[in-house]
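Here is the file structure-v5.cif (mmCIF, C-alpha atoms).
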data_my_file
#
loop_
_atom_site.label_atom_id
_atom_site.label_comp_id
_atom_site.auth_asym_id
_atom_site.auth_seq_id
_atom_site.Cartn_x
_atom_site.Cartn_y
_atom_site.Cartn_z
CA MET A 1 -67.56 39.72 -38.77
CA SER A 2 -69.50 41.13 -41.60
CA SER A 3 -68.43 44.03 -43.70
CA SER A 4 -69.13 47.40 -42.18
CA PRO A 5 -70.11 50.45 -44.10
CA ASP A 6 -66.74 52.01 -43.29
CA ASN A 7 -64.78 49.01 -44.56
CA LYS A 8 -66.84 47.54 -47.28
CA TYR A 9 -64.25 45.18 -48.66
CA ARG A 10 -62.83 44.07 -45.23
CA PHE A 11 -59.35 45.44 -45.86
CA GLU A 12 -56.77 44.36 -43.23
CA GLU A 13 -59.18 42.23 -41.33
CA ALA A 14 -58.71 38.58 -40.36
CA GLY A 15 -60.55 36.05 -42.51
CA ALA A 16 -61.74 34.13 -39.49
CA SER A 17 -62.39 34.98 -35.86
CA ASP A 18 -61.33 32.91 -32.84
CA ASP A 19 -64.88 31.70 -32.41
CA SER A 20 -65.29 30.57 -35.99
CA ILE A 21 -61.96 28.64 -35.88
CA GLN A 22 -62.99 26.83 -32.71
CA GLN A 23 -66.32 25.89 -34.25
CA VAL A 24 -64.65 24.43 -37.32
CA HIS A 25 -62.15 22.49 -35.18
CA ALA A 26 -64.90 21.09 -32.97
CA GLN A 27 -66.71 19.76 -36.00
CA LEU A 28 -63.57 18.20 -37.41
CA ARG A 29 -62.69 16.61 -34.07
CA LYS A 30 -66.06 14.91 -33.91
CA GLN A 31 -65.35 13.19 -37.23
CA MET A 32 -62.02 11.66 -36.10
CA PRO A 33 -62.08 8.06 -34.76
CA GLU A 34 -61.41 7.55 -31.04
CA LYS A 35 -58.10 5.86 -30.22
CA ALA A 36 -58.13 3.33 -27.42
CA HIS A 37 -54.49 3.47 -26.17
CA GLY A 38 -53.45 6.98 -26.88
CA GLY A 39 -52.01 6.57 -30.33
CA TYR A 40 -48.80 4.51 -30.33
CA PRO A 41 -49.38 1.19 -28.59
CA PHE A 42 -46.19 -0.47 -29.84
CA LEU A 43 -43.59 2.13 -28.83
CA PRO A 44 -43.83 2.13 -25.01
CA LEU A 45 -43.54 -1.65 -24.96
CA GLY A 46 -40.41 -1.55 -27.13
CA VAL A 47 -38.86 1.18 -25.02
CA LEU A 48 -39.72 -0.76 -21.88
CA GLY A 49 -38.00 -3.82 -23.32
CA MET A 50 -34.93 -1.85 -24.27
CA MET A 51 -34.77 -0.31 -20.81
CA CYS A 52 -35.03 -3.76 -19.22
CA CYS A 53 -32.19 -5.02 -21.42
CA ALA A 54 -30.05 -2.03 -20.49
CA VAL A 55 -30.68 -2.53 -16.78
CA LEU A 56 -30.00 -6.26 -17.06
CA PHE A 57 -26.75 -5.61 -18.94
CA GLY A 58 -25.73 -3.03 -16.36
CA ALA A 59 -26.45 -5.37 -13.49
CA ILE A 60 -24.47 -8.23 -15.04
CA TYR A 61 -21.60 -5.88 -15.88
CA LEU A 62 -21.50 -4.48 -12.35
CA ALA A 63 -21.62 -7.95 -10.81
CA ASN A 64 -18.72 -9.11 -12.97
CA TYR A 65 -16.50 -6.06 -13.21
CA SER A 66 -17.25 -3.76 -10.28
CA ILE A 67 -14.44 -5.36 -8.21
CA ARG A 68 -16.73 -4.34 -5.35
CA PHE A 69 -15.33 -0.81 -5.63
CA ASP A 70 -12.26 -1.88 -3.74
CA PRO A 71 -9.53 0.73 -4.22
CA LEU A 72 -6.79 -1.88 -3.93
CA VAL A 73 -8.09 -4.11 -6.71
CA VAL A 74 -7.55 -3.61 -10.43
CA ASN A 75 -7.92 -7.14 -11.68
CA GLU A 76 -11.58 -8.05 -12.17
CA HIS A 77 -10.60 -11.70 -12.45
CA ALA A 78 -8.93 -11.65 -9.06
CA LYS A 79 -9.81 -14.33 -6.59
CA ARG A 80 -12.67 -13.01 -4.48
CA GLU A 81 -12.90 -13.30 -0.78
CA LYS A 82 -16.36 -13.45 0.74
CA PRO A 83 -17.63 -9.97 1.51
CA GLY A 84 -16.95 -9.16 5.14
CA ALA A 85 -14.06 -11.57 5.44
CA ILE A 86 -11.08 -9.62 6.71
CA VAL A 87 -8.26 -10.01 4.26
CA GLN A 88 -5.03 -10.27 6.17
CA ALA A 89 -2.24 -8.97 4.00
CA PRO A 90 0.09 -11.95 3.73
CA VAL A 91 3.61 -10.65 4.03
CA SER A 92 5.89 -13.63 3.72
CA PRO A 93 9.59 -13.49 4.60
CA VAL A 94 10.34 -14.58 1.03
CA MET A 95 8.59 -11.54 -0.42
CA LEU A 96 10.36 -9.22 1.98
CA GLY A 97 13.67 -10.94 1.41
CA LYS A 98 13.35 -10.53 -2.33
CA LYS A 99 13.37 -6.78 -1.81
CA VAL A 100 16.52 -6.84 0.28
CA PHE A 101 18.14 -9.18 -2.22
CA GLY A 102 17.07 -6.94 -5.08
CA THR A 103 18.75 -3.88 -3.62
CA ILE A 104 21.97 -5.40 -2.30
CA CYS A 105 22.88 -9.00 -3.09
CA ILE A 106 21.73 -8.81 -6.72
CA THR A 107 24.72 -6.67 -7.67
CA CYS A 108 27.11 -9.61 -7.42
CA HIS A 109 25.00 -12.74 -7.15
CA GLN A 110 22.62 -11.65 -9.97
CA ALA A 111 18.84 -11.90 -10.14
CA THR A 112 19.09 -15.51 -11.26
CA GLY A 113 21.23 -16.42 -8.25
CA GLN A 114 23.87 -17.76 -10.63
CA GLY A 115 26.57 -15.31 -9.67
CA VAL A 116 29.29 -14.62 -12.22
CA PRO A 117 31.41 -17.67 -13.13
CA GLY A 118 34.87 -17.42 -11.67
CA VAL A 119 34.12 -14.13 -9.86
CA PHE A 120 31.01 -14.30 -7.70
CA PRO A 121 29.78 -17.68 -6.42
CA PRO A 122 26.27 -18.92 -7.30
CA LEU A 123 23.50 -19.15 -4.70
CA ALA A 124 21.09 -21.26 -6.73
CA GLY A 125 21.71 -24.87 -5.81
CA SER A 126 24.65 -23.87 -3.64
CA GLU A 127 25.46 -26.16 -0.73
CA TRP A 128 26.48 -23.10 1.32
CA ALA A 129 23.18 -21.27 0.80
CA GLN A 130 21.17 -24.35 1.66
CA GLY A 131 23.53 -25.51 4.37
CA ASP A 132 23.78 -24.63 8.04
CA GLU A 133 22.38 -21.18 8.79
CA GLU A 134 25.16 -20.64 11.36
CA ARG A 135 27.60 -20.18 8.48
CA ILE A 136 25.66 -18.02 6.09
CA ILE A 137 24.46 -15.63 8.79
CA ARG A 138 28.12 -15.07 9.73
CA ILE A 139 29.04 -14.50 6.07
CA VAL A 140 26.38 -11.82 5.68
CA LEU A 141 27.19 -10.17 9.00
CA LEU A 142 30.96 -9.87 8.61
CA GLY A 143 31.73 -10.83 5.03
CA LEU A 144 33.88 -13.56 3.56
CA ASN A 145 37.47 -13.27 2.40
CA GLY A 146 39.71 -15.58 0.45
CA PRO A 147 39.24 -18.87 -1.36
CA VAL A 148 35.96 -20.74 -1.14
CA LYS A 149 34.68 -23.80 -2.97
CA VAL A 150 31.05 -23.62 -4.13
CA GLU A 151 29.40 -26.31 -6.22
CA ASN A 152 32.86 -27.76 -6.89
CA LYS A 153 34.16 -24.52 -8.36
CA ASP A 154 36.81 -22.37 -6.76
CA PHE A 155 36.27 -18.71 -6.06
CA ASN A 156 38.66 -16.24 -4.52
CA ASN A 157 37.08 -12.88 -3.82
CA ALA A 158 35.89 -10.72 -0.96
CA MET A 159 32.29 -10.35 0.12
CA PRO A 160 31.67 -7.13 2.07
CA ALA A 161 30.27 -7.15 5.60
CA LEU A 162 26.60 -6.17 5.61
CA GLY A 163 25.95 -6.48 9.33
CA THR A 164 26.11 -2.76 9.98
CA SER A 165 23.88 -1.69 7.11
CA LEU A 166 21.17 -4.35 7.46
CA LYS A 167 18.83 -5.10 10.35
CA ASP A 168 18.41 -8.59 11.77
CA GLU A 169 15.03 -8.98 10.07
CA GLN A 170 16.38 -7.90 6.71
CA ILE A 171 19.25 -10.39 6.89
CA ALA A 172 16.88 -13.17 7.95
CA HIS A 173 14.43 -12.38 5.17
CA ALA A 174 17.10 -12.13 2.50
CA LEU A 175 18.61 -15.44 3.57
CA THR A 176 15.18 -17.06 3.64
CA TYR A 177 14.59 -15.80 0.11
CA VAL A 178 17.94 -17.20 -1.04
CA ARG A 179 17.21 -20.54 0.66
CA GLN A 180 13.79 -20.92 -0.96
CA GLU A 181 14.23 -19.40 -4.41
CA TRP A 182 15.57 -20.90 -7.67
CA GLY A 183 14.65 -24.41 -6.55
CA ASN A 184 16.58 -24.10 -3.29
CA LYS A 185 14.92 -25.92 -0.46
CA ALA A 186 16.08 -25.08 3.03
CA PRO A 187 14.26 -23.93 6.17
CA GLU A 188 13.60 -20.27 6.96
CA VAL A 189 16.13 -18.19 8.86
CA GLN A 190 14.65 -16.51 11.92
CA PRO A 191 15.60 -12.95 12.90
CA GLU A 192 16.28 -14.27 16.42
CA ALA A 193 19.07 -16.48 15.06
CA VAL A 194 20.68 -13.46 13.40
CA ALA A 195 20.39 -11.45 16.60
CA ARG A 196 21.95 -14.29 18.61
CA ILE A 197 24.92 -14.67 16.26
CA ARG A 198 25.36 -10.91 16.06
CA ALA A 199 25.60 -10.86 19.86
CA GLU A 200 28.03 -13.81 19.87
CA LEU A 201 30.35 -12.07 17.43
CA GLY A 202 30.52 -9.05 19.70
CA ASN A 203 33.04 -6.51 18.51
CA ARG A 204 34.66 -8.67 15.86
CA SER A 205 34.94 -6.91 12.52
CA LYS A 206 37.38 -9.21 10.69
CA PRO A 207 35.73 -11.04 7.78
CA PHE A 208 35.47 -14.82 7.97
CA THR A 209 37.36 -17.26 5.83
CA ALA A 210 35.87 -20.41 4.38
CA ASP A 211 38.11 -22.67 6.49
CA GLU A 212 37.06 -20.89 9.65
CA LEU A 213 33.39 -21.27 8.78
CA LEU A 214 33.67 -24.96 7.93
CA LYS A 215 34.65 -25.59 11.55
CA ILE A 216 31.38 -23.99 12.70
CA GLY A 217 28.13 -25.87 12.44
CA LYS A 218 27.65 -29.01 10.41
CA MET B 1 -44.48 27.90 -16.13
CA LYS B 2 -46.92 25.13 -15.41
CA ASN B 3 -44.56 22.35 -14.17
CA GLY B 4 -41.74 24.54 -12.95
CA LEU B 5 -41.27 22.76 -9.64
CA ALA B 6 -41.25 19.28 -11.20
CA LEU B 7 -38.78 20.43 -13.84
CA PHE B 8 -36.52 22.01 -11.24
CA LEU B 9 -36.61 18.93 -9.02
CA GLY B 10 -35.96 16.63 -11.97
CA VAL B 11 -32.94 18.56 -13.17
CA PHE B 12 -31.68 18.90 -9.61
CA ALA B 13 -32.02 15.17 -9.01
CA ILE B 14 -30.15 14.30 -12.19
CA ILE B 15 -27.27 16.65 -11.38
CA ALA B 16 -27.17 15.56 -7.74
CA VAL B 17 -27.07 11.86 -8.60
CA SER B 18 -24.31 12.27 -11.18
CA TRP B 19 -22.29 14.45 -8.80
CA ALA B 20 -22.64 11.83 -6.09
CA GLY B 21 -21.75 9.03 -8.47
CA VAL B 22 -18.81 10.67 -10.15
CA LEU B 23 -17.31 12.60 -7.24
CA LEU B 24 -18.63 11.35 -3.90
CA ALA B 25 -18.43 7.64 -4.69
CA ALA B 26 -15.00 8.00 -6.26
CA HIS B 27 -13.76 9.98 -3.28
CA LYS B 28 -15.15 7.44 -0.85
CA GLN B 29 -13.47 4.69 -2.86
CA LEU B 30 -10.05 6.23 -3.43
CA GLY B 31 -9.80 9.32 -1.23
CA SER B 32 -8.46 7.53 1.81
CA LEU B 33 -5.59 5.77 0.03
CA SER B 34 -2.32 6.57 1.72
CA GLN B 35 1.29 5.56 1.38
CA PHE B 36 2.09 1.99 2.35
CA ARG B 37 4.63 1.47 5.09
CA ASP B 38 6.92 -1.41 4.29
CA PRO B 39 7.31 -3.55 7.41
CA THR B 40 10.99 -4.35 6.82
CA ASP B 41 12.61 -1.07 6.00
CA ASP B 42 10.00 1.30 7.48
CA THR B 43 9.84 3.18 4.20
CA LEU B 44 6.70 4.69 2.75
CA TYR B 45 5.68 3.73 -0.77
CA PRO B 46 5.10 5.19 -3.29
CA GLN B 47 8.06 7.39 -2.47
CA ARG B 48 7.77 11.11 -3.06
CA MET B 49 9.27 12.69 -6.11
CA SER B 50 12.25 15.00 -5.85
CA GLY B 51 11.55 18.69 -6.31
CA LEU B 52 13.11 18.72 -9.76
CA ALA B 53 11.06 15.70 -10.82
CA ASP B 54 7.90 17.40 -9.57
CA GLU B 55 8.70 20.37 -11.79
CA GLY B 56 9.34 17.91 -14.59
CA ARG B 57 5.84 16.56 -14.08
CA MET B 58 4.55 20.01 -14.99
CA VAL B 59 6.77 20.08 -18.09
CA TYR B 60 5.38 16.67 -19.05
CA GLN B 61 1.89 18.03 -18.63
CA ASP B 62 2.73 21.25 -20.43
CA LEU B 63 4.26 19.59 -23.49
CA GLY B 64 1.30 17.24 -23.80
CA CYS B 65 3.30 14.05 -23.51
CA ALA B 66 0.13 12.40 -22.20
CA THR B 67 -1.42 12.77 -25.63
CA CYS B 68 0.71 9.95 -27.02
CA HIS B 69 2.01 8.20 -23.90
CA THR B 70 0.01 6.44 -21.22
CA GLN B 71 1.14 5.77 -17.67
CA GLN B 72 -0.72 2.64 -16.76
CA VAL B 73 0.41 -0.96 -16.89
CA ARG B 74 -2.60 -3.17 -17.45
CA HIS B 75 -2.89 -6.39 -15.55
CA GLU B 76 -2.34 -9.80 -17.06
CA GLY B 77 -5.38 -11.03 -18.91
CA PHE B 78 -6.11 -7.53 -20.15
CA GLY B 79 -3.49 -6.61 -22.69
CA ALA B 80 0.11 -7.65 -23.05
CA ASP B 81 1.73 -4.83 -21.09
CA ILE B 82 3.57 -7.11 -18.70
CA ALA B 83 4.67 -9.45 -21.50
CA ARG B 84 6.03 -6.37 -23.28
CA LYS B 85 8.08 -5.60 -20.17
CA TRP B 86 6.35 -2.29 -19.60
CA GLY B 87 6.23 -3.20 -15.93
CA GLN B 88 6.72 -6.09 -13.57
CA ARG B 89 3.26 -5.71 -12.12
CA PRO B 90 0.01 -3.93 -12.97
CA SER B 91 -0.45 -0.32 -11.88
CA TYR B 92 -2.55 0.14 -8.76
CA ALA B 93 -4.50 3.19 -7.67
CA ARG B 94 -1.98 3.74 -4.89
CA ASP B 95 0.80 4.34 -7.41
CA TYR B 96 -0.83 7.59 -8.44
CA ILE B 97 -1.43 9.23 -5.07
CA ARG B 98 1.76 11.29 -5.36
CA ASP B 99 0.51 12.96 -8.54
CA LYS B 100 -1.53 16.13 -8.23
CA THR B 101 -2.79 15.50 -11.74
CA VAL B 102 -2.90 11.88 -12.73
CA LEU B 103 -1.31 11.84 -16.19
CA ILE B 104 -2.68 8.46 -17.10
CA GLY B 105 -3.06 9.32 -20.79
CA GLN B 106 -5.63 7.95 -23.17
CA SER B 107 -3.97 6.60 -26.29
CA ARG B 108 -0.75 4.81 -26.96
CA MET B 109 0.88 6.39 -29.96
CA GLY B 110 4.12 5.75 -28.11
CA PRO B 111 5.00 3.21 -25.45
CA ASP B 112 3.69 3.30 -21.91
CA LEU B 113 5.94 5.34 -19.64
CA ARG B 114 4.88 4.17 -16.20
CA ASN B 115 8.14 2.29 -15.67
CA VAL B 116 10.35 4.17 -18.07
CA GLY B 117 12.73 4.89 -15.20
CA VAL B 118 13.74 1.22 -15.08
CA ARG B 119 13.23 0.39 -18.76
CA LEU B 120 16.96 0.14 -19.44
CA GLY B 121 17.42 -2.20 -16.51
CA GLU B 122 17.76 -1.52 -12.82
CA THR B 123 21.54 -1.67 -12.90
CA THR B 124 21.94 1.03 -15.54
CA SER B 125 23.61 4.07 -14.05
CA ALA B 126 21.79 7.37 -13.63
CA ASP B 127 24.14 9.01 -16.13
CA ASP B 128 23.30 6.48 -18.82
CA TYR B 129 19.62 7.07 -18.18
CA SER B 130 19.94 10.84 -18.47
CA ASP B 131 21.98 10.44 -21.64
CA TYR B 132 19.32 8.19 -23.14
CA PHE B 133 16.46 10.53 -22.26
CA TYR B 134 18.25 13.64 -23.51
CA LYS B 135 18.99 11.93 -26.80
CA ILE B 136 15.44 10.71 -27.27
CA LEU B 137 14.15 14.22 -26.61
CA TYR B 138 16.71 15.98 -28.82
CA ALA B 139 17.07 13.51 -31.67
CA PRO B 140 14.67 10.58 -31.19
CA GLU B 141 15.87 8.80 -34.34
CA SER B 142 19.35 8.46 -32.82
CA VAL B 143 18.19 6.01 -30.13
CA ALA B 144 14.74 4.74 -31.14
CA SER B 145 12.59 4.13 -34.17
CA GLY B 146 9.09 5.48 -34.34
CA ASN B 147 7.14 8.68 -34.69
CA MET B 148 8.42 10.52 -31.64
CA PRO B 149 8.87 14.18 -32.57
CA SER B 150 12.03 16.03 -31.68
CA TYR B 151 11.92 18.45 -28.75
CA LYS B 152 14.96 20.45 -29.81
CA PHE B 153 13.55 23.62 -28.27
CA LEU B 154 14.29 22.16 -24.85
CA PHE B 155 18.02 22.41 -25.64
CA ASP B 156 20.41 25.28 -26.21
CA THR B 157 23.03 25.06 -28.92
CA HIS B 158 25.86 27.45 -28.31
CA SER B 159 29.46 27.98 -29.27
CA THR B 160 32.17 26.51 -27.10
CA ARG B 161 34.63 29.22 -28.11
CA ASP B 162 36.10 31.06 -25.12
CA ARG B 163 34.17 29.03 -22.60
CA GLN B 164 34.51 25.84 -20.68
CA PRO B 165 32.39 23.04 -22.20
CA SER B 166 29.31 22.15 -20.17
CA TYR B 167 29.37 18.92 -18.23
CA LEU B 168 25.79 18.40 -19.36
CA ALA B 169 26.58 18.67 -23.07
CA LEU B 170 25.05 15.85 -25.10
CA LYS B 171 27.38 13.29 -26.59
CA LEU B 172 25.85 13.21 -30.05
CA THR B 173 27.25 11.47 -33.08
CA GLY B 174 26.35 11.34 -36.78
CA LYS B 175 23.59 13.41 -38.29
CA SER B 176 22.25 14.81 -35.05
CA ALA B 177 25.62 16.12 -33.86
CA PRO B 178 26.00 19.91 -33.79
CA ALA B 179 28.54 21.70 -35.97
CA SER B 180 32.07 21.55 -34.64
CA GLY B 181 32.74 24.23 -32.09
CA TYR B 182 29.18 24.01 -30.79
CA GLU B 183 27.59 22.01 -28.05
CA VAL B 184 24.03 21.05 -27.20
CA VAL B 185 23.09 21.64 -23.59
CA PRO B 186 19.76 20.70 -21.99
CA SER B 187 17.77 23.61 -20.58
CA TYR B 188 16.31 23.59 -17.09
CA ARG B 189 13.00 22.33 -18.45
CA ALA B 190 14.72 19.40 -20.15
CA ARG B 191 16.58 18.54 -16.94
CA ALA B 192 13.36 18.67 -14.94
CA LEU B 193 11.51 16.53 -17.50
CA VAL B 194 14.27 13.95 -17.51
CA ALA B 195 14.31 13.88 -13.70
CA TYR B 196 10.57 13.21 -13.83
CA LEU B 197 10.95 10.43 -16.39
CA GLU B 198 13.68 8.82 -14.31
CA SER B 199 11.38 8.92 -11.28
CA LEU B 200 8.76 6.83 -13.09
CA LYS B 201 9.30 3.37 -11.70
CA ASP B 202 6.89 1.12 -9.86
CA THR B 203 9.37 -1.42 -8.66
CA TYR B 204 7.80 -1.83 -5.24
CA ASP B 205 5.00 -4.39 -5.09
CA TYR B 206 2.51 -3.70 -2.30
CA PRO B 207 1.78 -6.97 -0.48
CA THR B 208 -1.90 -6.04 0.02
CA GLU B 209 -2.58 -5.24 -3.61
CA ARG B 210 -0.56 -8.21 -4.68
CA SER B 211 -2.64 -10.69 -2.71
CA LEU B 212 -5.97 -9.06 -3.55
CA ASN B 213 -5.22 -9.09 -7.27
CA ALA B 214 -3.98 -12.64 -7.48
CA THR B 215 -6.10 -14.69 -9.84
CA ALA B 216 -7.80 -17.84 -8.62
CA GLY B 217 -5.33 -20.27 -10.15
CA LYS B 218 -2.24 -18.67 -8.70
CA SER B 219 -1.10 -18.52 -5.15
CA THR B 220 0.16 -15.22 -3.82
CA GLU B 221 3.69 -16.57 -3.63
CA GLU B 222 4.01 -17.01 -7.35
CA GLY B 223 5.48 -14.51 -9.69
CA HIS B 224 8.18 -12.96 -7.59
#
Could you quickly redo this structure as structure tokens?
Amino acid sequence: MSSSPDNKYRFEEAGASDDSIQQVHAQLRKQMPEKAHGGYPFLPLGVLGMMCCAVLFGAIYLANYSIRFDPLVVNEHAKREKPGAIVQAPVSPVMLGKKVFGTICITCHQATGQGVPGVFPPLAGSEWAQGDEERIIRIVLLGLNGPVKVENKDFNNAMPALGTSLKDEQIAHALTYVRQEWGNKAPEVQPEAVARIRAELGNRSKPFTADELLKIGK
Amino acid sequence: MKNGLALFLGVFAIIAVSWAGVLLAAHKQLGSLSQFRDPTDDTLYPQRMSGLADEGRMVYQDLGCATCHTQQVRHEGFGADIARKWGQRPSYARDYIRDKTVLIGQSRMGPDLRNVGVRLGETTSADDYSDYFYKILYAPESVASGNMPSYKFLFDTHSTRDRQPSYLALKLTGKSAPASGYEVVPSYRARALVAYLESLKDTYDYPTERSLNATAGKSTEEGH
């Protein structure tokens, strides 16, 4: 790359050629110290540590909060069954009865089972509700008319017949709910008992009276 | 390109893994959820919305109600939603299967609306509910305090001269009442939206979810 006679002052020519640049770089490279671990020995170790922490955190989080990816679970603190154990959905008559109660009986007898003083008799603590199932099944099936004494208070009203709108199971479940809620303690009512009494009553549609019922059962 | 194949495979793997994680896994987890058949009354839950309510869902979406209102009751031990009476039970995935778009929301500028259809009490009549919702949409300050904006454009104000008054006209009093001789009538969009809001109620408690979400200390019989 020397000056030529045609271009004495090297106008518009590069100051260095590719070869000369490579030569200069080769000399400079020889003067630099060799690095044993490729330059940044601390960084990969730090990144590795951070990655390990992230994976550990993720694993602990998944173990605690994954709820095993069960679509039915939202509560990560829920009681866990062993994986593989078949979870039988426990449907108790009380739970089912609560639903029937909540759509029908609740209107008069209230959610608390206290009824309305002087108008609708209470179920909570009531001797009728916890008494013989023969009586209460008949009340629900055909209704109750006229005066009745509940927890030493007099009521005089009419309860509608629900036998046509409710199935045997629904009546049994609702009565079971009433007999075991609000501190009431009485045995379950079986749907078979309702079916039996429904058959016994036959075509009768006249509501019962309290006196009539007191002669039935104990 | 020197490492074209490696680059392609790397990008492909990243996209494939995230697709599988976000879509496939979620679909495997939730895609097969179906309505629950109640053993006593042979009814399927969650029940389907009425046609008007389904249109109201689109109005809800359209007006951006989900910007300020959520539709998810968090379980006990994770927020006070149940203590605040925003629901009797936590929301489960199954509650949302009737929604084409799950309008779960993301921030609670206003109250949660998942059970707004029973907020006034289960015994409140449908008319009282409609009245309440129309008022809170037309003149929020007349029934509630807070930052809820008015949605007056969902209502028509017109003169009652020479026409029979509408049975849907709002019974407004005080500052929000229209000038005498005028009445405020909800438009079709308002009626659809209110039908949707009234349909928001998770009163049915699925026995399966209930038992699976019971915490260790409690038996499944508690809490009803």
Would you write out, as an MDAnalysis selection string, every residue that the PyMOL selection byres ((chain A) within 8 of (chain B)) captures in this file?
chainID A and resid 69:75 77:80 89:91 95:96 98 107 169:170
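Between CA of Ile137 in chain A and CA of Ile171 in chain A the separation is 7.6 Å.
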One decimal place gives the CA of Gln130 in chain A-CA of Leu201 in chain A separation as 22.0 Å
Using only the atoms of range 95-100 of chain B listed in the file, plus 6 Å on each side, state the axis-aligned box centre and edge lengths in Å rounded to one decimal, as JSON.
{"center_x": 0.1, "center_y": 10.2, "center_z": -6.8, "size_x": 15.3, "size_y": 23.8, "size_z": 15.5}
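Taking CA of Arg48 in chain B and CA of Phe36 in chain B as endpoints, the distance between them is 12.0 Å.
Candidate residues A:Cys53, A:Ala174, A:Val119, A:Ile216 were compared for distance to Val100 in chain A, and the nearest is A:Ala174, using all atoms listed in the file.
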Using only C-alpha atoms, which protein or nucleic acid residues come within 10 Å of Met109 in chain B? Drop anything in the same chain fewer than 6 positions from it, and give the result as a list in words.
Ala66, Thr67, Cys68, His69, Thr70, Gly146, Asn147 and Met148 of chain B
Contacts of range 56-63 of chain B at 12 Å or less, counting all atoms listed in the file, minus same-chain residues fewer than 4 places along, as a ChimeraX atom specification?
/B:49-52,67-71,98-105,113,137,149-151,153-154,187-200
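For the set B:Leu23, B:Ala80, B:Tyr45, B:Leu170, the residue with the smallest atom-to-atom gap to Asp127 in chain B is B:Leu170, counting only C-alpha atoms.
If all atoms listed in the file are the atoms counted, then among A:Lys206, A:Leu214, A:Gly143, A:Cys105 the closest residue to Leu175 in chain A is A:Cys105.
The set of residues that the PyMOL selection byres ((chain A and resi 210) around 9) takes from this file is Leu144, Asn145, Gly146, Pro147, Val148, Lys149, Phe208, Thr209, Asp211, Glu212, Leu213, Leu214 and Lys215 of chain A.
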Can you tell me, as a compact mmCIF listing (two decimals) with C-alpha atoms, in the coordinates of the input, what residues are no more than 12 Å from Lys185 in chain A when counting only C-alpha atoms, ignoring any on the same chain fewer than 4 positions away?
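The new file around20.txt reads:
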# COMPACT_ATOMS: atom_id res chain seq x y z
CA LEU A 123 23.50 -19.15 -4.70
CA ALA A 124 21.09 -21.26 -6.73
CA GLY A 125 21.71 -24.87 -5.81
CA SER A 126 24.65 -23.87 -3.64
CA GLU A 127 25.46 -26.16 -0.73
CA ALA A 129 23.18 -21.27 0.80
CA GLN A 130 21.17 -24.35 1.66
CA GLY A 131 23.53 -25.51 4.37
CA LEU A 175 18.61 -15.44 3.57
CA THR A 176 15.18 -17.06 3.64
CA TYR A 177 14.59 -15.80 0.11
CA VAL A 178 17.94 -17.20 -1.04
CA ARG A 179 17.21 -20.54 0.66
CA GLN A 180 13.79 -20.92 -0.96
CA GLU A 181 14.23 -19.40 -4.41
Tell me which protein, DNA and RNA residues are within 7 Å of Val140 in chain A, counting all atoms listed in the file, leaving out same-chain ones fewer than 5 positions away, and put them as number ranges by chain.
A: 161-163
Which one is closest to Pro207 in chain A: A:Asn157, A:Ser20, A:Gln110, A:Gln31? Count only C-alpha atoms.
A:Asn157
Can I get range 101-110 of chain B with N, CA and C atoms filled in, as a PDB file, keeping the file's coordinate frame?
ATOM      1  N   THR B 101      -1.974  15.818 -10.579  1.00  0.00           N
ATOM      2  CA  THR B 101      -2.790  15.500 -11.740  1.00  0.00           C
ATOM      3  C   THR B 101      -2.354  14.127 -12.216  1.00  0.00           C
ATOM      4  N   VAL B 102      -3.270  13.216 -12.293  1.00  0.00           N
ATOM      5  CA  VAL B 102      -2.900  11.880 -12.730  1.00  0.00           C
ATOM      6  C   VAL B 102      -2.789  11.886 -14.253  1.00  0.00           C
ATOM      7  N   LEU B 103      -1.558  11.728 -14.751  1.00  0.00           N
ATOM      8  CA  LEU B 103      -1.310  11.840 -16.190  1.00  0.00           C
ATOM      9  C   LEU B 103      -1.368  10.451 -16.818  1.00  0.00           C
ATOM     10  N   ILE B 104      -2.554   9.857 -16.714  1.00  0.00           N
ATOM     11  CA  ILE B 104      -2.680   8.460 -17.100  1.00  0.00           C
ATOM     12  C   ILE B 104      -2.710   8.305 -18.616  1.00  0.00           C
ATOM     13  N   GLY B 105      -3.030   9.386 -19.332  1.00  0.00           N
ATOM     14  CA  GLY B 105      -3.060   9.320 -20.790  1.00  0.00           C
ATOM     15  C   GLY B 105      -4.293   8.601 -21.300  1.00  0.00           C
ATOM     16  N   GLN B 106      -4.451   8.619 -22.630  1.00  0.00           N
ATOM     17  CA  GLN B 106      -5.630   7.950 -23.170  1.00  0.00           C
ATOM     18  C   GLN B 106      -5.345   7.145 -24.428  1.00  0.00           C
ATOM     19  N   SER B 107      -4.259   7.432 -25.127  1.00  0.00           N
ATOM     20  CA  SER B 107      -3.970   6.600 -26.290  1.00  0.00           C
ATOM     21  C   SER B 107      -2.474   6.352 -26.362  1.00  0.00           C
ATOM     22  N   ARG B 108      -2.140   5.216 -26.950  1.00  0.00           N
ATOM     23  CA  ARG B 108      -0.750   4.810 -26.960  1.00  0.00           C
ATOM     24  C   ARG B 108      -0.152   4.947 -28.343  1.00  0.00           C
ATOM     25  N   MET B 109       0.135   6.190 -28.722  1.00  0.00           N
ATOM     26  CA  MET B 109       0.880   6.390 -29.960  1.00  0.00           C
ATOM     27  C   MET B 109       2.315   5.944 -29.710  1.00  0.00           C
ATOM     28  N   GLY B 110       2.783   6.189 -28.516  1.00  0.00           N
ATOM     29  CA  GLY B 110       4.120   5.750 -28.110  1.00  0.00           C
ATOM     30  C   GLY B 110       3.973   4.736 -26.991  1.00  0.00           C
TER      31      GLY B 110
END
